[in-house]
>>> print(open('query00.cif').read())   # mmCIF, C-alpha atoms and all ligand atoms
data_model
#
loop_
_atom_site.label_atom_id
_atom_site.label_comp_id
_atom_site.auth_asym_id
_atom_site.auth_seq_id
_atom_site.Cartn_x
_atom_site.Cartn_y
_atom_site.Cartn_z
CA MET A 22 -70.62 74.85 59.29
CA LEU A 23 -73.55 77.29 59.38
CA HIS A 24 -72.40 80.78 58.39
CA LEU A 25 -74.60 83.73 59.09
CA THR A 26 -73.76 87.28 58.12
CA GLU A 27 -75.79 89.91 59.90
CA TYR A 28 -75.86 93.45 58.70
CA ILE A 29 -78.65 95.53 60.12
CA GLU A 30 -79.27 98.33 57.67
CA ASP A 31 -78.36 101.86 58.78
CA THR A 32 -76.88 100.65 62.05
CA GLN A 33 -73.35 99.56 61.06
CA LEU A 34 -73.66 96.24 62.89
CA GLU A 35 -71.45 93.89 60.90
CA LEU A 36 -71.18 90.33 62.15
CA ILE A 37 -70.20 86.94 60.79
CA TYR A 38 -71.37 84.03 62.91
CA VAL A 39 -70.25 80.41 62.51
CA GLU A 40 -72.36 78.19 64.72
CA SER A 41 -70.22 75.05 64.63
CA PHE A 42 -66.70 76.34 64.27
CA LEU A 43 -65.68 73.29 66.35
CA SER A 44 -67.55 69.99 66.36
CA LEU A 45 -69.53 69.20 69.51
CA ARG A 46 -67.01 66.52 70.52
CA GLU A 47 -64.08 68.86 70.13
CA ALA A 48 -65.86 71.71 71.92
CA ASP A 49 -66.62 69.41 74.90
CA GLN A 50 -62.94 68.41 75.13
CA TRP A 51 -61.75 72.01 74.84
CA LEU A 52 -64.14 73.21 77.55
CA GLU A 53 -62.80 70.63 79.97
CA GLU A 54 -59.18 71.25 79.07
CA CYS A 55 -59.56 75.04 79.36
CA ARG A 56 -61.24 74.71 82.76
CA GLU A 57 -58.43 72.49 84.05
CA THR A 58 -55.32 74.03 82.47
CA ILE A 59 -55.84 77.79 82.02
CA PRO A 60 -54.50 79.80 85.00
CA TRP A 61 -57.80 81.64 85.62
CA GLN A 62 -57.65 84.67 87.90
CA GLN A 63 -60.16 87.08 89.37
CA LEU A 64 -58.61 90.54 88.87
CA GLN A 65 -59.51 93.78 90.62
CA ILE A 66 -60.64 96.74 88.50
CA LYS A 67 -61.14 100.37 89.43
CA LEU A 68 -64.71 101.61 89.09
CA MET A 69 -65.51 105.18 90.19
CA GLY A 70 -62.36 105.26 92.31
CA LYS A 71 -63.14 101.96 94.07
CA GLU A 72 -61.28 98.66 93.63
CA ILE A 73 -63.73 95.83 92.94
CA PRO A 74 -63.26 92.22 91.78
CA GLN A 75 -64.27 91.55 88.18
CA PRO A 76 -67.49 89.50 88.09
CA ARG A 77 -65.82 86.64 86.18
CA LEU A 78 -62.42 84.98 85.83
CA THR A 79 -59.97 85.99 83.12
CA ALA A 80 -56.70 85.04 81.44
CA TRP A 81 -54.59 86.73 78.78
CA TYR A 82 -52.09 85.66 76.11
CA SER A 83 -50.17 87.91 73.74
CA ASP A 84 -47.07 88.00 71.58
CA PRO A 85 -43.88 89.55 72.97
CA GLY A 86 -44.17 93.34 73.17
CA VAL A 87 -48.00 93.32 72.98
CA HIS A 88 -49.69 95.05 75.93
CA TYR A 89 -53.39 95.89 76.33
CA THR A 90 -55.07 98.36 78.68
CA TYR A 91 -58.79 98.32 79.54
CA SER A 92 -60.79 99.35 82.65
CA GLY A 93 -57.57 100.64 84.22
CA LEU A 94 -55.86 97.24 83.88
CA THR A 95 -52.75 96.66 81.77
CA LEU A 96 -52.20 93.12 80.54
CA HIS A 97 -48.66 92.07 79.68
CA PRO A 98 -47.40 89.36 77.28
CA THR A 99 -47.62 85.76 78.49
CA GLU A 100 -46.40 82.69 76.62
CA TRP A 101 -49.25 81.19 74.60
CA HIS A 102 -51.07 78.18 76.04
CA PRO A 103 -50.81 75.44 73.34
CA LEU A 104 -54.59 75.19 72.98
CA MET A 105 -54.92 78.95 72.52
CA GLN A 106 -52.13 78.91 69.95
CA GLU A 107 -53.95 76.16 68.02
CA LEU A 108 -57.23 78.04 68.21
CA ARG A 109 -55.53 81.26 67.10
CA GLU A 110 -54.22 79.51 63.96
CA ARG A 111 -57.65 78.07 63.12
CA VAL A 112 -59.36 81.43 63.65
CA GLU A 113 -56.72 83.23 61.55
CA GLU A 114 -57.26 80.75 58.72
CA PHE A 115 -60.98 81.49 58.75
CA ALA A 116 -60.74 85.27 59.27
CA LEU A 117 -57.90 85.68 56.72
CA MET A 118 -55.95 87.90 59.07
CA THR A 119 -53.56 87.57 61.99
CA PHE A 120 -54.19 88.21 65.69
CA ASN A 121 -51.55 88.88 68.34
CA SER A 122 -53.53 88.53 71.57
CA ALA A 123 -56.37 86.66 73.26
CA LEU A 124 -58.52 87.75 76.20
CA LEU A 125 -60.27 84.86 77.95
CA ASN A 126 -63.37 85.19 80.14
CA TYR A 127 -64.87 82.46 82.32
CA TYR A 128 -68.46 82.95 83.52
CA ARG A 129 -68.88 80.41 86.32
CA ASP A 130 -72.63 80.96 86.73
CA GLY A 131 -75.41 83.48 86.03
CA GLN A 132 -73.96 85.99 88.50
CA ASP A 133 -70.79 86.33 86.44
CA SER A 134 -71.21 88.98 83.77
CA MET A 135 -69.63 91.55 81.47
CA GLY A 136 -70.79 95.19 81.54
CA PHE A 137 -71.70 97.06 78.34
CA HIS A 138 -68.59 98.29 76.54
CA ALA A 139 -67.05 98.52 73.08
CA ASP A 140 -63.71 97.06 72.06
CA ASN A 141 -62.61 100.44 70.77
CA GLU A 142 -59.31 101.13 72.50
CA PRO A 143 -57.07 103.23 70.20
CA GLU A 144 -54.48 100.45 69.96
CA LEU A 145 -57.07 98.25 68.16
CA GLY A 146 -57.17 100.64 65.19
CA LYS A 147 -60.07 102.26 63.33
CA GLN A 148 -62.18 99.29 62.24
CA PRO A 149 -61.06 96.44 64.49
CA VAL A 150 -61.96 92.85 63.71
CA ILE A 151 -62.65 91.02 66.97
CA ALA A 152 -62.93 87.23 66.76
CA SER A 153 -64.99 85.85 69.63
CA PHE A 154 -65.02 82.10 70.29
CA SER A 155 -67.43 80.57 72.82
CA LEU A 156 -67.52 77.35 74.82
CA GLY A 157 -70.10 76.07 77.32
CA GLY A 158 -73.66 77.05 78.16
CA PRO A 159 -75.36 79.76 76.14
CA ARG A 160 -75.77 83.25 77.62
CA ARG A 161 -77.51 86.35 76.24
CA PHE A 162 -74.94 88.38 74.31
CA VAL A 163 -76.58 91.77 73.91
CA PHE A 164 -75.73 94.57 71.49
CA LYS A 165 -77.02 98.05 72.33
CA HIS A 166 -76.77 100.90 69.81
CA ARG A 167 -75.07 104.02 71.18
CA GLN A 168 -77.50 106.53 69.62
CA LEU A 169 -80.57 104.67 68.37
CA LYS A 170 -82.92 102.79 70.70
CA LYS A 171 -81.98 99.47 69.15
CA LYS A 172 -80.89 96.23 70.76
CA HIS A 173 -79.81 92.98 69.21
CA ASP A 174 -79.51 89.71 71.13
CA LEU A 175 -77.50 86.66 70.17
CA SER A 176 -77.01 83.33 71.89
CA LEU A 177 -73.45 82.21 71.14
CA ALA A 178 -73.37 78.43 70.84
CA HIS A 179 -70.84 75.99 72.35
CA GLY A 180 -67.95 75.88 69.83
CA SER A 181 -69.12 78.92 67.82
CA LEU A 182 -67.15 81.83 66.36
CA LEU A 183 -68.43 85.38 65.97
CA LEU A 184 -66.51 88.01 64.00
CA MET A 185 -67.35 91.63 64.81
CA LYS A 186 -66.18 93.89 62.00
CA GLY A 187 -66.33 97.26 60.27
CA GLU A 188 -67.92 100.08 62.28
CA THR A 189 -69.53 97.75 64.85
CA GLN A 190 -67.37 98.93 67.77
CA HIS A 191 -68.02 102.62 67.01
CA HIS A 192 -71.80 102.40 67.04
CA TRP A 193 -72.61 99.49 69.32
CA LEU A 194 -71.86 98.43 72.88
CA HIS A 195 -72.00 94.77 73.86
CA GLY A 196 -72.23 92.88 77.12
CA ILE A 197 -73.30 89.72 78.96
CA PRO A 198 -75.98 90.60 81.57
CA LYS A 199 -76.34 88.68 84.82
CA THR A 200 -79.24 86.23 84.97
CA LYS A 201 -81.18 84.54 87.78
CA LYS A 202 -81.89 81.56 85.51
CA HIS A 203 -79.80 78.45 85.94
CA VAL A 204 -77.05 78.58 83.32
CA ASN A 205 -74.08 76.35 82.69
CA GLU A 206 -70.52 77.61 82.89
CA ARG A 207 -69.36 79.50 79.81
CA MET A 208 -65.99 80.57 78.41
CA ASN A 209 -65.27 83.16 75.77
CA ILE A 210 -62.02 83.90 73.99
CA THR A 211 -61.65 87.13 72.02
CA PHE A 212 -58.74 87.38 69.61
CA ARG A 213 -57.56 90.91 68.86
CA LYS A 214 -54.89 92.56 66.77
CA ILE A 215 -53.16 95.24 68.80
CA LEU A 216 -51.32 97.69 66.59
O1 LIG A 301 -68.18 86.75 76.81
C1 LIG A 301 -68.42 87.35 75.78
O2 LIG A 301 -68.99 86.82 74.83
C2 LIG A 301 -68.05 88.81 75.68
C3 LIG A 301 -66.58 89.07 75.80
C4 LIG A 301 -66.26 90.52 75.54
O3 LIG A 301 -67.13 91.32 75.34
C5 LIG A 301 -64.88 90.97 75.56
O4 LIG A 301 -63.96 90.18 75.86
O5 LIG A 301 -64.67 92.17 75.27
#
>>> encode(input="query00.cif", output="structure tokens", more="lines below")
Ligand SMILES: O=C(O)CCC(=O)C(=O)O
Amino acid sequence: MLHLTEYIEDTQLELIYVESFLSLREADQWLEECRETIPWQQLQIKLMGKEIPQPRLTAWYSDPGVHYTYSGLTLHPTEWHPLMQELRERVEEFALMTFNSALLNYYRDGQDSMGFHADNEPELGKQPVIASFSLGGPRRFVFKHRQLKKKHDLSLAHGSLLLMKGETQHHWLHGIPKTKKHVNERMNITFRKIL
């Protein structure tokens, strides 16, 4: 397991990256199982008063009573998929904390994307720890500082885990830009603790 802690001085970017959180064999199996068994949906979001489809597929799991609102969407508790429950336990063991929800994103090709945003909703608390697990082809995961002209790119490997901690969400936005290059399908699962 390669661990990498990144802390860029004076920028409050605090990351822990584990390249092989799952073995390659396990990650391949999980990718296939998630593709086949997760009830992926393309939801509509409201952007500048207009309803538009999200440029990716999503799914959501959370404990009873745990709701999450972002981009005008409110996600309600759904019974945990067994694979997501297993992954949650493994991530909790590593992160030494508990999570009560998981947001899943499926980028089918280079035209699927995630706009720049921060996971800073008030219900995540002051210094949220977000645990982000990736499967499938690599994509550019870009951090952009809110005030300074700084960017930081990562390529999140198949089966990897990234923890975003501390003040990261207050000072940095992150996103997955579209690309014209040929890229393989990718899935990402972010575990959150909603207070
Ligand atoms: O796909 C990714 O790695 C990004 C996911 C993300 O930013 C989010 O779920 O808030």
>>> closest_residue(input="query00.cif", among="A:Ile151, A:Leu78, A:Leu108, A:Leu45", to="Ser134 of chain A", atoms="all atoms listed in the file")
A:Leu78
>>> residues_around(input="query00.cif", residues="segment 90-94 of chain A", least_positions_apart="3", cutoff="8 Å", atoms="only C-alpha atoms", output="ChimeraX atom specification")
/A:66-68,142
>>> write_last_selection(input="query00.cif", atoms="C-alpha atoms", output="CSV table (one decimal), in the coordinates of the input")
chain,number,residue,atom,x,y,z
A,66,ILE,CA,-60.6,96.7,88.5
A,67,LYS,CA,-61.1,100.4,89.4
A,68,LEU,CA,-64.7,101.6,89.1
A,142,GLU,CA,-59.3,101.1,72.5
>>> closest_residue(input="query00.cif", among="A:Val150, A:His97, A:Ser176, A:Leu43", to="Glu188 of chain A", atoms="all atoms listed in the file")
A:Val150
>>> axis_aligned_box(input="query00.cif", around="segment 40-45 of chain A", padding_each_side="8 Å", output="JSON")
{"center_x": -69.0, "center_y": 73.7, "center_z": 66.9, "size_x": 22.7, "size_y": 25.0, "size_z": 21.2}
>>> atom_distance(input="query00.cif", atom1="atom CA of Leu124 of chain A", atom2="atom O5 of ligand LIG 301 (chain A)")
7.6 Å
>>> atom_distance(input="query00.cif", atom1="atom CA of Glu53 of chain A", atom2="atom O1 of ligand LIG 301 (chain A)")
17.3 Å
>>> residues_near_ligand(input="query00.cif", ligand="ligand LIG 301 (chain A)", cutoff="8 Å", atoms="only C-alpha atoms and all ligand atoms", output="ChimeraX atom specification")
/A:124-128,134-135,137-140,153-155,162,177,195-197,207-211
>>> closest_residue(input="query00.cif", among="A:Ala48, A:Val204, A:Ile59, A:Leu34", to="Gln132 of chain A", atoms="only C-alpha atoms")
A:Val204
>>> closest_residue(input="query00.cif", among="A:Phe212, A:His191, A:His173, A:Pro60", to="Glu113 of chain A", atoms="only C-alpha atoms")
A:Phe212
>>> residues_around(input="query00.cif", residues="His192 of chain A", least_positions_apart="5", cutoff="12 Å", atoms="all atoms listed in the file", output="VMD selection string")
chain A and resid 29 31 to 35 138 to 141 148 164 to 172 185 to 187
>>> write_last_selection(input="query00.cif", atoms="C-alpha atoms", output="tab-separated table (two decimals), keeping the file's coordinate frame")
chain	number	residue	atom	x	y	z
A	29	ILE	CA	-78.65	95.53	60.12
A	31	ASP	CA	-78.36	101.86	58.78
A	32	THR	CA	-76.88	100.65	62.05
A	33	GLN	CA	-73.35	99.56	61.06
A	34	LEU	CA	-73.66	96.24	62.89
A	35	GLU	CA	-71.45	93.89	60.90
A	138	HIS	CA	-68.59	98.29	76.54
A	139	ALA	CA	-67.05	98.52	73.08
A	140	ASP	CA	-63.71	97.06	72.06
A	141	ASN	CA	-62.61	100.44	70.77
A	148	GLN	CA	-62.18	99.29	62.24
A	164	PHE	CA	-75.73	94.57	71.49
A	165	LYS	CA	-77.02	98.05	72.33
A	166	HIS	CA	-76.77	100.90	69.81
A	167	ARG	CA	-75.07	104.02	71.18
A	168	GLN	CA	-77.50	106.53	69.62
A	169	LEU	CA	-80.57	104.67	68.37
A	170	LYS	CA	-82.92	102.79	70.70
A	171	LYS	CA	-81.98	99.47	69.15
A	172	LYS	CA	-80.89	96.23	70.76
A	185	MET	CA	-67.35	91.63	64.81
A	186	LYS	CA	-66.18	93.89	62.00
A	187	GLY	CA	-66.33	97.26	60.27
>>> closest_residue(input="query00.cif", among="A:Ala152, A:Leu194, A:Leu64, A:Val163", to="Leu182 of chain A", atoms="only C-alpha atoms")
A:Ala152
